[in-house]
Structure formats: structure tokens, C-alpha cells
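Have a look at final.cif below; it lists mmCIF, C-alpha atoms and all ligand atoms.
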data_data
loop_
_atom_site.group_PDB
_atom_site.id
_atom_site.type_symbol
_atom_site.label_atom_id
_atom_site.label_comp_id
_atom_site.auth_asym_id
_atom_site.auth_seq_id
_atom_site.Cartn_x
_atom_site.Cartn_y
_atom_site.Cartn_z
ATOM 1 C CA MET A 1 17.096 -4.351 27.163
ATOM 2 C CA LYS A 2 18.608 -7.356 25.362
ATOM 3 C CA THR A 3 21.188 -5.642 23.171
ATOM 4 C CA LYS A 4 23.818 -8.404 23.030
ATOM 5 C CA GLU A 5 21.528 -10.787 21.163
ATOM 6 C CA THR A 6 22.546 -11.220 17.527
ATOM 7 C CA LEU A 7 20.779 -11.418 14.188
ATOM 8 C CA GLN A 8 21.897 -12.328 10.688
ATOM 9 C CA VAL A 9 21.503 -9.103 8.701
ATOM 10 C CA SER A 10 21.340 -8.845 4.911
ATOM 11 C CA GLU A 11 21.416 -5.036 4.744
ATOM 12 C CA LEU A 12 20.614 -1.845 6.641
ATOM 13 C CA PHE A 13 19.589 1.201 4.645
ATOM 14 C CA TYR A 14 17.639 4.432 4.577
ATOM 15 C CA SER A 15 15.194 4.982 1.713
ATOM 16 C CA ILE A 16 11.657 5.929 0.729
ATOM 17 C CA GLN A 17 9.113 3.383 1.883
ATOM 18 C CA GLY A 18 7.921 1.820 -1.376
ATOM 19 C CA GLU A 19 5.024 -0.337 -0.219
ATOM 20 C CA SER A 20 2.073 -0.469 2.178
ATOM 21 C CA SER A 21 -0.040 2.469 3.344
ATOM 22 C CA TYR A 22 3.227 4.067 4.566
ATOM 23 C CA ALA A 23 4.520 4.346 0.959
ATOM 24 C CA GLY A 24 6.277 7.639 0.321
ATOM 25 C CA TYR A 25 7.633 8.226 3.820
ATOM 26 C CA PRO A 26 11.382 8.169 4.531
ATOM 27 C CA CYS A 27 12.109 4.948 6.393
ATOM 28 C CA LEU A 28 14.960 2.981 7.920
ATOM 29 C CA PHE A 29 15.110 -0.619 6.740
ATOM 30 C CA ILE A 30 16.495 -3.610 8.602
ATOM 31 C CA ARG A 31 16.594 -6.466 6.105
ATOM 32 C CA LEU A 32 17.265 -9.802 7.770
ATOM 33 C CA ALA A 33 18.846 -12.734 5.957
ATOM 34 C CA GLY A 34 17.181 -16.062 5.195
ATOM 35 C CA CYS A 35 13.817 -17.131 3.811
ATOM 36 C CA ASN A 36 11.840 -20.353 4.092
ATOM 37 C CA LEU A 37 9.943 -19.742 0.805
ATOM 38 C CA ARG A 38 10.999 -19.506 -2.848
ATOM 39 C CA CYS A 39 8.406 -17.338 -4.610
ATOM 40 C CA SER A 40 8.500 -17.409 -8.411
ATOM 41 C CA TYR A 41 8.780 -13.595 -8.651
ATOM 42 C CA CYS A 42 11.219 -13.032 -5.769
ATOM 43 C CA ASP A 43 13.375 -9.928 -6.257
ATOM 44 C CA ALA A 44 15.339 -10.403 -3.021
ATOM 45 C CA ARG A 45 17.064 -13.719 -3.653
ATOM 46 C CA TYR A 46 20.297 -12.340 -2.214
ATOM 47 C CA THR A 47 18.650 -12.477 1.208
ATOM 48 C CA TYR A 48 18.811 -16.277 1.095
ATOM 49 C CA ASP A 49 21.583 -16.842 -1.480
ATOM 50 C CA GLU A 50 24.001 -14.875 0.709
ATOM 51 C CA LYS A 51 24.669 -15.363 4.387
ATOM 52 C CA GLY A 52 24.584 -11.718 5.482
ATOM 53 C CA ARG A 53 26.517 -10.534 8.528
ATOM 54 C CA ARG A 54 25.982 -11.240 12.186
ATOM 55 C CA MET A 55 25.192 -8.078 14.178
ATOM 56 C CA THR A 56 24.163 -7.439 17.758
ATOM 57 C CA ILE A 57 20.954 -5.557 18.453
ATOM 58 C CA ALA A 58 23.160 -2.800 19.919
ATOM 59 C CA GLU A 59 24.966 -2.468 16.557
ATOM 60 C CA ILE A 60 21.668 -2.319 14.668
ATOM 61 C CA LEU A 61 20.357 0.320 17.086
ATOM 62 C CA ALA A 62 23.538 2.348 16.561
ATOM 63 C CA PHE A 63 22.692 2.528 12.838
ATOM 64 C CA ILE A 64 19.120 3.545 13.669
ATOM 65 C CA GLU A 65 20.279 6.224 16.123
ATOM 66 C CA GLU A 66 22.125 8.031 13.305
ATOM 67 C CA SER A 67 18.762 9.002 11.802
ATOM 68 C CA PRO A 68 15.997 11.145 13.260
ATOM 69 C CA VAL A 69 13.389 9.276 11.178
ATOM 70 C CA SER A 70 10.907 7.479 13.396
ATOM 71 C CA LEU A 71 9.663 4.931 10.834
ATOM 72 C CA VAL A 72 11.566 1.620 10.832
ATOM 73 C CA GLU A 73 10.751 -1.501 8.825
ATOM 74 C CA ILE A 74 11.973 -4.990 9.626
ATOM 75 C CA THR A 75 11.872 -7.081 6.469
ATOM 76 C CA GLY A 76 13.634 -9.947 4.711
ATOM 77 C CA GLY A 77 13.781 -12.618 3.482
ATOM 78 C CA GLU A 78 11.512 -13.751 6.253
ATOM 79 C CA PRO A 79 12.387 -11.898 9.461
ATOM 80 C CA LEU A 80 10.397 -14.154 11.814
ATOM 81 C CA LEU A 81 12.769 -17.065 11.138
ATOM 82 C CA GLN A 82 15.244 -15.533 13.599
ATOM 83 C CA LYS A 83 14.271 -15.904 17.255
ATOM 84 C CA ASN A 84 16.001 -12.682 18.326
ATOM 85 C CA VAL A 85 13.799 -10.590 16.047
ATOM 86 C CA TYR A 86 11.312 -10.228 18.934
ATOM 87 C CA ALA A 87 13.941 -8.603 21.144
ATOM 88 C CA LEU A 88 14.817 -6.299 18.236
ATOM 89 C CA MET A 89 11.171 -5.279 17.797
ATOM 90 C CA GLN A 90 10.865 -4.529 21.502
ATOM 91 C CA ALA A 91 14.096 -2.506 21.510
ATOM 92 C CA LEU A 92 12.810 -0.379 18.612
ATOM 93 C CA LEU A 93 9.445 0.145 20.322
ATOM 94 C CA ASP A 94 11.252 1.127 23.533
ATOM 95 C CA ASP A 95 13.150 3.671 21.419
ATOM 96 C CA GLU A 96 9.736 5.096 20.401
ATOM 97 C CA ARG A 97 10.003 4.129 16.743
ATOM 98 C CA ILE A 98 7.022 3.254 14.536
ATOM 99 C CA VAL A 99 7.847 -0.355 13.679
ATOM 100 C CA LEU A 100 6.603 -2.074 10.520
ATOM 101 C CA LEU A 101 7.085 -5.812 10.056
ATOM 102 C CA GLU A 102 6.947 -7.326 6.539
ATOM 103 C CA THR A 103 6.316 -11.039 6.786
ATOM 104 C CA ASN A 104 5.537 -13.704 4.201
ATOM 105 C CA GLY A 105 2.575 -15.065 6.178
ATOM 106 C CA SER A 106 3.910 -18.569 6.738
ATOM 107 C CA ILE A 107 5.016 -18.145 10.364
ATOM 108 C CA ASP A 108 2.846 -17.720 13.450
ATOM 109 C CA LEU A 109 2.436 -14.044 14.454
ATOM 110 C CA ARG A 110 1.422 -14.666 18.065
ATOM 111 C CA GLN A 111 4.666 -13.407 19.609
ATOM 112 C CA VAL A 112 4.776 -10.142 17.626
ATOM 113 C CA PRO A 113 4.092 -7.184 19.961
ATOM 114 C CA ASP A 114 0.686 -5.543 19.416
ATOM 115 C CA GLU A 115 2.270 -2.139 18.728
ATOM 116 C CA VAL A 116 4.116 -3.452 15.671
ATOM 117 C CA VAL A 117 2.314 -2.814 12.352
ATOM 118 C CA LYS A 118 2.140 -6.201 10.663
ATOM 119 C CA ILE A 119 2.175 -6.249 6.847
ATOM 120 C CA MET A 120 1.478 -9.856 5.974
ATOM 121 C CA ASP A 121 1.548 -11.524 2.567
ATOM 122 C CA ILE A 122 -1.156 -13.880 1.449
ATOM 123 C CA LYS A 123 0.639 -15.960 -1.169
ATOM 124 C CA CYS A 124 -1.345 -16.438 -4.400
ATOM 125 C CA PRO A 125 -1.055 -19.570 -6.597
ATOM 126 C CA GLY A 126 1.268 -17.835 -9.106
ATOM 127 C CA SER A 127 3.925 -17.550 -6.394
ATOM 128 C CA GLY A 128 4.058 -21.347 -6.133
ATOM 129 C CA MET A 129 3.966 -20.890 -2.356
ATOM 130 C CA ASP A 130 0.235 -20.579 -1.556
ATOM 131 C CA HIS A 131 0.293 -23.875 0.361
ATOM 132 C CA HIS A 132 2.464 -22.108 2.980
ATOM 133 C CA ASN A 133 -0.192 -19.537 3.987
ATOM 134 C CA HIS A 134 -0.694 -19.864 7.755
ATOM 135 C CA LEU A 135 -4.341 -18.863 7.879
ATOM 136 C CA ALA A 136 -4.550 -18.851 11.689
ATOM 137 C CA ASN A 137 -2.512 -15.626 11.504
ATOM 138 C CA LEU A 138 -5.595 -13.724 10.312
ATOM 139 C CA GLN A 139 -6.925 -13.741 13.894
ATOM 140 C CA TYR A 140 -3.894 -11.722 15.080
ATOM 141 C CA LEU A 141 -4.398 -8.847 12.609
ATOM 142 C CA THR A 142 -6.242 -5.634 13.466
ATOM 143 C CA SER A 143 -7.274 -2.533 11.515
ATOM 144 C CA THR A 144 -3.780 -1.070 11.949
ATOM 145 C CA ASP A 145 -2.283 -4.059 10.100
ATOM 146 C CA GLU A 146 -2.226 -4.843 6.387
ATOM 147 C CA VAL A 147 -2.523 -7.901 4.142
ATOM 148 C CA LYS A 148 -0.777 -7.905 0.785
ATOM 149 C CA PHE A 149 -1.517 -10.008 -2.298
ATOM 150 C CA VAL A 150 1.120 -10.014 -5.058
ATOM 151 C CA LEU A 151 -0.640 -10.845 -8.323
ATOM 152 C CA GLY A 152 0.853 -12.159 -11.541
ATOM 153 C CA SER A 153 -2.272 -12.956 -13.557
ATOM 154 C CA ARG A 154 -6.065 -12.786 -13.830
ATOM 155 C CA GLN A 155 -6.145 -16.229 -12.162
ATOM 156 C CA ASP A 156 -4.266 -14.822 -9.141
ATOM 157 C CA TYR A 157 -6.684 -11.885 -9.008
ATOM 158 C CA LEU A 158 -9.778 -14.103 -9.013
ATOM 159 C CA TRP A 159 -8.222 -16.369 -6.373
ATOM 160 C CA ALA A 160 -7.384 -13.336 -4.193
ATOM 161 C CA VAL A 161 -10.886 -11.851 -4.486
ATOM 162 C CA ASP A 162 -12.438 -15.175 -3.494
ATOM 163 C CA PHE A 163 -9.994 -15.494 -0.559
ATOM 164 C CA LEU A 164 -10.798 -11.953 0.570
ATOM 165 C CA LYS A 165 -14.538 -12.441 0.503
ATOM 166 C CA ARG A 166 -14.375 -15.703 2.419
ATOM 167 C CA ASN A 167 -11.673 -14.903 4.983
ATOM 168 C CA ILE A 168 -11.601 -11.142 5.507
ATOM 169 C CA ILE A 169 -14.618 -9.214 4.203
ATOM 170 C CA THR A 170 -17.329 -11.651 5.360
ATOM 171 C CA PRO A 171 -15.910 -12.122 8.907
ATOM 172 C CA PHE A 172 -15.155 -8.363 9.222
ATOM 173 C CA PRO A 173 -17.870 -6.487 7.283
ATOM 174 C CA SER A 174 -16.803 -3.118 8.720
ATOM 175 C CA SER A 175 -13.632 -1.651 7.231
ATOM 176 C CA ARG A 176 -12.898 -0.209 10.701
ATOM 177 C CA GLN A 177 -12.305 -3.701 12.034
ATOM 178 C CA ARG A 178 -10.367 -5.436 9.327
ATOM 179 C CA PRO A 179 -6.770 -5.095 8.149
ATOM 180 C CA LYS A 180 -6.065 -2.880 5.138
ATOM 181 C CA ILE A 181 -5.976 -4.844 1.877
ATOM 182 C CA LEU A 182 -3.240 -4.287 -0.708
ATOM 183 C CA PHE A 183 -3.122 -5.704 -4.248
ATOM 184 C CA SER A 184 0.278 -5.380 -5.898
ATOM 185 C CA PRO A 185 0.975 -6.502 -9.491
ATOM 186 C CA VAL A 186 4.122 -8.318 -10.619
ATOM 187 C CA THR A 187 4.594 -5.624 -13.259
ATOM 188 C CA SER A 188 6.557 -7.877 -15.639
ATOM 189 C CA GLU A 189 3.534 -10.203 -15.743
ATOM 190 C CA LEU A 190 0.429 -8.106 -15.046
ATOM 191 C CA SER A 191 -0.303 -4.573 -16.200
ATOM 192 C CA PRO A 192 -1.071 -2.203 -13.288
ATOM 193 C CA THR A 193 -3.631 -0.463 -15.522
ATOM 194 C CA GLU A 194 -5.423 -3.735 -16.129
ATOM 195 C CA LEU A 195 -5.425 -4.515 -12.402
ATOM 196 C CA ALA A 196 -6.753 -1.020 -11.625
ATOM 197 C CA GLY A 197 -9.642 -1.651 -14.045
ATOM 198 C CA TRP A 198 -10.566 -4.936 -12.360
ATOM 199 C CA ILE A 199 -10.488 -3.354 -8.878
ATOM 200 C CA LEU A 200 -12.809 -0.532 -10.025
ATOM 201 C CA MET A 201 -15.124 -2.922 -11.853
ATOM 202 C CA ASP A 202 -15.538 -5.191 -8.815
ATOM 203 C CA ARG A 203 -15.994 -2.279 -6.358
ATOM 204 C CA LEU A 204 -13.866 -3.899 -3.711
ATOM 205 C CA PRO A 205 -12.203 -2.067 -0.776
ATOM 206 C CA ILE A 206 -8.715 -2.733 -2.079
ATOM 207 C CA ARG A 207 -5.724 -0.428 -2.243
ATOM 208 C CA LEU A 208 -3.734 -0.751 -5.479
ATOM 209 C CA GLN A 209 -0.075 -0.794 -4.603
ATOM 210 C CA LEU A 210 2.749 -0.056 -7.005
ATOM 211 C CA GLN A 211 6.288 -0.496 -5.694
ATOM 212 C CA LEU A 212 7.289 3.152 -5.411
ATOM 213 C CA HIS A 213 11.001 2.360 -4.989
ATOM 214 C CA THR A 214 11.066 0.472 -8.328
ATOM 215 C CA LEU A 215 9.585 3.550 -10.046
ATOM 216 C CA LEU A 216 12.082 5.870 -8.354
ATOM 217 C CA TRP A 217 15.146 3.660 -8.846
ATOM 218 C CA PRO A 218 14.431 1.256 -11.758
ATOM 219 C CA GLY A 219 16.832 -1.675 -11.952
ATOM 220 C CA GLU A 220 18.166 -1.182 -8.409
ATOM 221 C CA THR A 221 17.554 -4.197 -6.205
ATOM 222 C CA ARG A 222 19.553 -3.415 -3.058
ATOM 223 C CA GLY A 223 19.433 -0.506 -0.661
ATOM 224 C CA VAL A 224 16.143 0.893 -1.981
HETATM 225 S S1 LIG B 301 8.838 -14.623 0.849
HETATM 226 FE FE1 LIG B 301 9.728 -12.752 0.022
HETATM 227 S S2 LIG B 301 11.955 -13.030 0.230
HETATM 228 FE FE2 LIG B 301 11.014 -15.056 0.498
HETATM 229 S S3 LIG B 301 11.064 -15.981 -1.548
HETATM 230 FE FE3 LIG B 301 9.057 -14.973 -1.324
HETATM 231 S S4 LIG B 301 9.347 -12.908 -2.199
HETATM 232 FE FE4 LIG B 301 11.402 -13.770 -1.804
#
Do you think you could lay out the structure here as C-alpha cells?
Ligand code: SF4
Amino acid sequence: MKTKETLQVSELFYSIQGESSYAGYPCLFIRLAGCNLRCSYCDARYTYDEKGRRMTIAEILAFIEESPVSLVEITGGEPLLQKNVYALMQALLDDERIVLLETNGSIDLRQVPDEVVKIMDIKCPGSGMDHHNHLANLQYLTSTDEVKFVLGSRQDYLWAVDFLKRNIITPFPSSRQRPKILFSPVTSELSPTELAGWILMDRLPIRLQLQLHTLLWPGETRGV
């Protein structure tokens, strides 16, 4: 196992998983530093405004070993910017953890091990980063993976529905084949109730996602 390899780490913490279909479960988080995007609504700017600290995979595993929880998420920033993240994923899988990867969707997923649950953003126009979507990544997602759209407006919603129909629902008509689909509102810009109404009206196979950690710990941005 490659445990001497190093990564630039923004923070390590233990919390309730706030997003994805794993929301609500206790989870260990490995937040890596650095991001190649600058989304308009970003609430994790410290991951690229600050350098973080360099840690070996062995040191990260030592933090993980302190907890009996099997669910571990690697997030950022954008975790796939660091080449040693693949060795970290493999080390966690070898340790029999359930590994979630949150990625912004701009970087090729080919090297990510199949056993890792990929939670990939599709950036909507309101983020200002939709031109970075790496659409070839859709071919590497399976029904155990998830795609997430963060929506700030009705325009984002309509764009996301059109994207879904063209790129996910039409190619994969059976829900058993396609990744899970998450719609998450930027709550300062789009009412969750309004979004819920649109999802019901359009009868689409979408999971409404509210950031559970922001409801549990309002105003906290780190370590949750
Ligand atoms: S990809 Fe994530 S971390 Fe990077 S700027 Fe966008 S919201 Fe922030």
C-alpha cells in the first residue's frame, strides 16, 4: 500500500453526511485543498483561498482508524486535482470503507476505482462554470453513482431538466441503469418549497436534496 504519498488537506472531520442519498449517516470527511473552478455560490472558498496542510496517506488513515464508522467521503475543493488521491481511494477501499467521492464534474473520472461511489456535479449556468462540464464522464457513471445539480433560479431548473432528458433519461430509460439524480437549491436564491413544486409538477425521477448539515448547524462552514 502506498502510504508515504502525500496530499494537501484542507480539513479532516467527523459529521453527519449532509448530501447525496447517504444524507443522515455519520461519516468521516477528508476535504482536500484546491479547486479549479470558482462557482458563484461556493461555500467552501477556504479550500482554495488557504493552502491546507500536507499529510501522508498513513497520517490520514490514522485519523480514519480512530473511528469505527465505515462511511468515508473524499471531497474538496476538487479532490481529483491531486494525483495521489487515487492511492488514497484504494487505501480506503482496502480498509473496507464505503468510499464516496464528491467531484465538480470537470475532471476525467476514468481512473476512479469502480467501487467508489461517485457523486458528480453538473454545473448549471447560474454557477458561471457550466462550460467546464466534462460530459464524457457520464459514460463512467452507474446506478450506484449520483449526479447533482445545484440550482439558483427557474432558468437553472429548466436548463437542468433539458440536460437530464437529453443526456441521462433518454439514453438510460430504466432507473435501474442510470445514476441517481439530485436537485439541490441554493437556498439564499431559490426556495426549496418552490423547487419541490416544480419537481412534482414535472413528474421527473429527481431527488430533492436539502443540505442537512446547514439545517443542523446553521452558519457553520467548517467541520460540518
Ligand atoms: S467546485 Fe465546489 S469547491 Fe470548487 S468553486 Fe465550485 S462549489 Fe466551490
Hey, could you make a per-residue contact list for chain A against ligand LIG 301 (chain B) with 8 Å as the cut-off, showing the nearest pair of atoms and its distance in Å to one decimal, counting only C-alpha atoms and all ligand atoms, sorted by chain and number, as a Markdown table?
| residue | atom | partner | partner_atom | distance |
| --- | --- | --- | --- | --- |
| A:Gly34 | CA | B:LIG301 | FE2 | 7.8 |
| A:Cys35 | CA | B:LIG301 | FE2 | 4.8 |
| A:Asn36 | CA | B:LIG301 | FE2 | 6.5 |
| A:Leu37 | CA | B:LIG301 | S3 | 4.6 |
| A:Arg38 | CA | B:LIG301 | S3 | 3.8 |
| A:Cys39 | CA | B:LIG301 | FE3 | 4.1 |
| A:Ser40 | CA | B:LIG301 | S3 | 7.5 |
| A:Tyr41 | CA | B:LIG301 | S4 | 6.5 |
| A:Cys42 | CA | B:LIG301 | S4 | 4.0 |
| A:Asp43 | CA | B:LIG301 | FE4 | 6.2 |
| A:Ala44 | CA | B:LIG301 | FE4 | 5.3 |
| A:Arg45 | CA | B:LIG301 | FE4 | 6.0 |
| A:Thr47 | CA | B:LIG301 | S2 | 6.8 |
| A:Tyr48 | CA | B:LIG301 | S2 | 7.6 |
| A:Gly76 | CA | B:LIG301 | S2 | 5.7 |
| A:Gly77 | CA | B:LIG301 | S2 | 3.8 |
| A:Glu78 | CA | B:LIG301 | FE2 | 5.9 |
| A:Thr103 | CA | B:LIG301 | S1 | 7.4 |
| A:Asn104 | CA | B:LIG301 | S1 | 4.8 |
| A:Ser127 | CA | B:LIG301 | FE3 | 7.7 |
| A:Met129 | CA | B:LIG301 | FE3 | 7.9 |
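Our summary of the geometry notes that atom CA of Ile16 of chain A is positioned 20.6 Å from atom CA of Pro192 of chain A.
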Give me, please, the distance in Å between atom CA of Leu109 of chain A and atom CA of Lys123 of chain A, quoted to one decimal.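 Going from atom CA of Leu109 of chain A over to atom CA of Lys123 of chain A covers 15.8 Å.
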How far is it from atom CA of Leu12 of chain A to atom CA of Pro218 of chain A, in Å with one decimal?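 Value for the atom CA of Leu12 of chain A-atom CA of Pro218 of chain A distance: 19.7 Å.
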Starting from the PyMOL selection byres (((chain A and resi 58-62) around 10) and not hetatm), expand the selection into actual residues of this file and give them as a list in words. Met1, Lys2, Thr3, Lys4, Glu5, Thr6, Leu7, Val9, Leu12, Ile30, Arg54, Met55, Thr56, Ile57, Phe63, Ile64, Glu65, Glu66, Ser67, Leu88, Ala91, Leu92 and Asp95 of chain A
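Distances to Pro185 of chain A were evaluated for A:Tyr86, A:Trp198, A:Phe149, A:Trp217 using only C-alpha atoms, and the minimum falls at A:Phe149.
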Top pick for closest residue to Leu100 of chain A, considering A:Glu194, A:Asp145, A:Glu11, A:Glu220 and counting only C-alpha atoms: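 Using only C-alpha atoms, the shortest distance to Leu100 of chain A belongs to A:Asp145.
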Counting all atoms listed in the file, which residues have an atom no more than 12 Å from (6.2, 2.2, -9.6) in the file's coordinates? Please list them as a ChimeraX atom specification. /A:17-19,23-24,184-188,191-193,208-219
What do you get, as a tab-separated table (two decimals) with C-alpha atoms, keeping the file's coordinate frame, if you spell out every residue that the PyMOL selection byres (((chain A and resi 223) around 9) and not hetatm) selects here?
chain	number	residue	atom	x	y	z
A	11	GLU	CA	21.42	-5.04	4.74
A	12	LEU	CA	20.61	-1.84	6.64
A	13	PHE	CA	19.59	1.20	4.64
A	14	TYR	CA	17.64	4.43	4.58
A	15	SER	CA	15.19	4.98	1.71
A	29	PHE	CA	15.11	-0.62	6.74
A	220	GLU	CA	18.17	-1.18	-8.41
A	221	THR	CA	17.55	-4.20	-6.20
A	222	ARG	CA	19.55	-3.42	-3.06
A	224	VAL	CA	16.14	0.89	-1.98
Expansion of the PyMOL selection byres (((chain A and resi 124) around 12) and not hetatm) into residues, as number ranges by chain: A: 39-41, 104-105, 121-123, 125-133, 148-164, 183-186
Could you write out that same residue set with C-alpha atoms as a compact mmCIF listing (two decimals), keeping the file's coordinate frame?
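After the write, out_29.txt holds the following:
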# COMPACT_ATOMS: atom_id res chain seq x y z
CA CYS A 39 8.41 -17.34 -4.61
CA SER A 40 8.50 -17.41 -8.41
CA TYR A 41 8.78 -13.60 -8.65
CA ASN A 104 5.54 -13.70 4.20
CA GLY A 105 2.58 -15.06 6.18
CA ASP A 121 1.55 -11.52 2.57
CA ILE A 122 -1.16 -13.88 1.45
CA LYS A 123 0.64 -15.96 -1.17
CA PRO A 125 -1.06 -19.57 -6.60
CA GLY A 126 1.27 -17.84 -9.11
CA SER A 127 3.92 -17.55 -6.39
CA GLY A 128 4.06 -21.35 -6.13
CA MET A 129 3.97 -20.89 -2.36
CA ASP A 130 0.24 -20.58 -1.56
CA HIS A 131 0.29 -23.88 0.36
CA HIS A 132 2.46 -22.11 2.98
CA ASN A 133 -0.19 -19.54 3.99
CA LYS A 148 -0.78 -7.90 0.78
CA PHE A 149 -1.52 -10.01 -2.30
CA VAL A 150 1.12 -10.01 -5.06
CA LEU A 151 -0.64 -10.84 -8.32
CA GLY A 152 0.85 -12.16 -11.54
CA SER A 153 -2.27 -12.96 -13.56
CA ARG A 154 -6.06 -12.79 -13.83
CA GLN A 155 -6.14 -16.23 -12.16
CA ASP A 156 -4.27 -14.82 -9.14
CA TYR A 157 -6.68 -11.88 -9.01
CA LEU A 158 -9.78 -14.10 -9.01
CA TRP A 159 -8.22 -16.37 -6.37
CA ALA A 160 -7.38 -13.34 -4.19
CA VAL A 161 -10.89 -11.85 -4.49
CA ASP A 162 -12.44 -15.18 -3.49
CA PHE A 163 -9.99 -15.49 -0.56
CA LEU A 164 -10.80 -11.95 0.57
CA PHE A 183 -3.12 -5.70 -4.25
CA SER A 184 0.28 -5.38 -5.90
CA PRO A 185 0.98 -6.50 -9.49
CA VAL A 186 4.12 -8.32 -10.62
Which of A:Pro68, A:Pro26, A:Pro173, A:Gly52 sits closest to Leu204 of chain A [using all atoms listed in the file]: A:Pro173
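If only C-alpha atoms are the atoms counted, then among A:Ile181, A:Val147, A:Val85, A:Ile74 the closest residue to Gln111 of chain A is A:Val85.
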Go through A:Tyr25, A:Ser10, A:Thr142, A:Asp114 one by one, measure the shortest atom-to-atom distance of each to Tyr46 of chain A using only C-alpha atoms, and give the residue with the smallest value. A:Ser10
Out of A:Leu141, A:Val117, A:Glu96, A:Gln8, which residue has the shortest atom-to-atom distance to Lys83 of chain A when counting only C-alpha atoms?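 Among A:Leu141, A:Val117, A:Glu96, A:Gln8, it is A:Gln8 that comes nearest to Lys83 of chain A.
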